[in-house]
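**Student:** First the structure, which I've put down as structure tokens, then a few questions once you've had a look.
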Amino acid sequence: MHIGTKPKNLIKKKVFIQEMNISTEISDRKMKQRLLKDKIFTNGMIFLAFLSGVPLFLILYQLAIKGYRQLNISFIFEEAPDTMEAMIAVANNEIIPGGIANGIVGTLIIVGLASLIAIPLGIICGTYLAENAKGKFAGLVRFIVDMLQGVPSIVLGVIGYIWIVKPVTSGFSALAGSVALSIMMLPSIVRSTEETLKMIPGTLKEAALSLGVPYHKVILKVILPTGISGILTGVILGISRIAGETAPLMLTALGSTVINTNITEPSSAVPLLVWEFYNDPNLVNMIWSASLFLLLLILGLNLSAKAIARKWKVQY
Amino acid sequence: MNSEKIFKYLLVSSGVLMVLIALGIVATLFVGSIPSFKEFGFGFLFSTEWDPTEGRESYGALPFIIGTLLTSILALIITFPFAFSISLFLGEYFKDGALPSFLRSVVDLLAGIPSVVYGLWGFYALKPLVAELGLNAQGFGIFTSSVILAIMIIPYASSLGAEVISMVPGSLKEAAYSLGATRFEVVRNVIVPNAGSGIFAGYILALGRAIGETMAVTMLIGNSNNMPTGIFDLGNTMASLIANQFGEAEGLKYTALIEIGLILFVITGIVNYIGKLIMKKLSA
């Protein structure tokens with residue numbers, strides 16, 4: 001308790017003093033008013049706080065109610081139906097045949113390739129920032145990583161188009177999508193690696209160095225394994241951030257009606273399929289199940305990231 | 001000794017690569033928009049025309065800049081009471097326990113929902129509601145997009161606020177309580193003045209999110225290239241314009257869209273920079 005210090009903010013407020021000077025002159029009525037105000041504010045706050053969670057449940061409810069009928073084995077293992085097939089099925093009041101296998105394979109390839117690019121680079125860069133906490137160049141890199149985090153995903157789509165679609169694959173391709181998404185997931189990996197490594201006490205490193213272990217082995221065998229949970233959390237959050245991205249893929253991977261494993265060819269992805277179903281009146285019944293699948297995938301990734309963070313906290 | 005050096009070079013070169021990526025993005029956008037800039041100059045920023053008709057092609061960014069700022073600022077205004085309530089709830093009133101950890105998870109999950117799913121929900125649930133209220137004939141428009149954006153940015157706007165509110169020194173609050181202040185008075189006169197700039201920084205960062213958001217807005221804003229006349233009018237944001245038209249764009253339109261991307265990049269950069277600046281001042 002700092003009894004002697006004067007909270008400056010309090011003194012500045014004239015109104016505050018007036019309200020604070022509780023003296024006998026202030027009537028009971030005023031007191032009651034203040035208490036009422038407090039009560040109204042508290043209840044209003046609690047109400048608004050929980051009201052903001054309502055959309056989550058409305059969305060989950062709507063996706064589950066409308067999407068569960070389509071979610072079955074063939075939904076995961078079959079390619080997306082074409083408009084005609086879907087139209088006939090709808091006309092006969094049947095479940096639309098087919099699934100989103102082309103999207104799932106596409107998402108796995110695009111996200112996997114993006115991870116392949118971003119995870120090593122992100123961890124190395126995060127290690128660099130943690131090891132050079134005060135350097136000038138490290139400060140610049142940190143600033144740039146912060147700025148990269150804020151770049152709108154659609155702009156990264158444009159970048160993927162100009163860097164890869166036009167010169168490299170001369171056409172829309174999964175590779176271009178991967179490049180755009182890898183830039184998008186980099187910042188979260190870099191920052192989580194840096195934050196985690198910074199929390200590891202210096203004594204650990206010093207102990208290893210004093211035993212004559214070379215610097216790079218200290219990093220690779222002592223520091224990184226100690227911080228693996230934090231790094232892993234960052235990686236999973238990064239993946240969950242890009243797995244649902246649609247906008248950059250519209251400009252890069254474009255979409256495909258068949259399963260495609262060639263990364264220089266256009267490829268589909270689950271979020272792209274949601275977008276395609278949305279635009280095709282005959283396939284509109286598929287959007288709910290595709291969205292449900294996507295949502296469950298991402299929420300699952302988020303929850304596992306949280307579980308890892310909680311269970312394997314950095315211990316020393 | 002040798003592998004030691006290689007390792008250190010590896011670390012530094014990853015930083016260099018980061019810088020190169022960022023410079024590459026800026027350079028690419030600049031070079032890509034040169035033809036458009038040569039054609040329209042700075043008038044591009046102030047022209048309200050977006051006419052792809054061959055022969056009299058003319059492009060201007062103003063309707064989309066206005067559309068972007070209008071949707072995102074409106075979203076921020078709508079999100080404010082909710083995000084502030086969550087910040088207070090988690091940072092001051094209920095710090096531990098089952099209920100706040102439930103709310104925290106809900107807010108986290110809100111952040112995880114993909115933009116395209118928000119767009120779907122907005123299209124099938126929110127749009128009919130807006131139409132029914134008579135705010136807009138079909139329910140599309142800037143207002144509808146703003147409401148969806150407001151829900152999307154709640155997690156970003158509230159998390160930083162909760163953190164700074166929980167860091168307000170207990171001694172200050174206790175001093176106010178000892179003078180007989182009610183909790184509301186403590187919030188208004190102690191917590192808000194103390195944590196205000198941190199809360200504000202959170203909103204600025206959330207604004208940056210809203211400005212760059214694409215899919216949900218594309219599905220709800222109505223995609224009109226005209227200057228919006230009010231918040232219930234149809235419109236287009238810079239991001240939704242690129243999403244809609246980049247695919248089939250060629251020639252002048254293509255570079256005009258890249259220039260729009262550059263403007264979007266610069267605006268989000270400035271907004272994020274201001275947010276980070278405020279945060280830096282706080283931690284210093």
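Residues in the structure tokens are named by chain (A, B, ... in the order shown) and by number from 1 within that chain; ligands are numbered from 1 in the order shown.
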Report as a list in words the set of chain A residues whose atoms approach chain B to within 6 Å, with distances computed over only C-alpha atoms.

**Tutor:** Met1, Asp38, Met45, Leu48, Ala49, Ile124, Cys125, Tyr128, Val141, Pro152, Val155, His216 and Gly244 of chain A

**Student:** Among the residues of range 26-185 of chain B, find those DSSP assigns to helix (DSSP H, G or I) from the backbone and print them as number ranges by chain.

**Tutor:** B: 26-40, 43-46, 62-93, 98-112, 115-132, 142-166, 170-178, 183-185

**Student:** Any idea what the distance is between CA of Arg34 in chain A and CA of Phe200 in chain B?

**Tutor:** 27.1 Å

**Student:** Hey, which of A:Leu71, A:Ile219, A:Ala138, A:Ile110 ends up closest to Leu254 in chain A? Count only C-alpha atoms.

**Tutor:**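 The answer is A:Ile110, which sits nearest to Leu254 in chain A.
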
**Student:** Can you pull out every residue within 12 Å of Val218 in chain A, counting only C-alpha atoms, but drop anything in the same chain fewer than 6 positions away, and send it as a PyMOL selection string?

**Tutor:** (chain A and resi 127+131+202+204-212+224-226) or (chain B and resi 4+7)

**Student:** When you draw a straight line from CA of Gly161 in chain B to CA of Ala75 in chain B, how long is it in Å?

**Tutor:**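 A separation of 17.2 Å between them.
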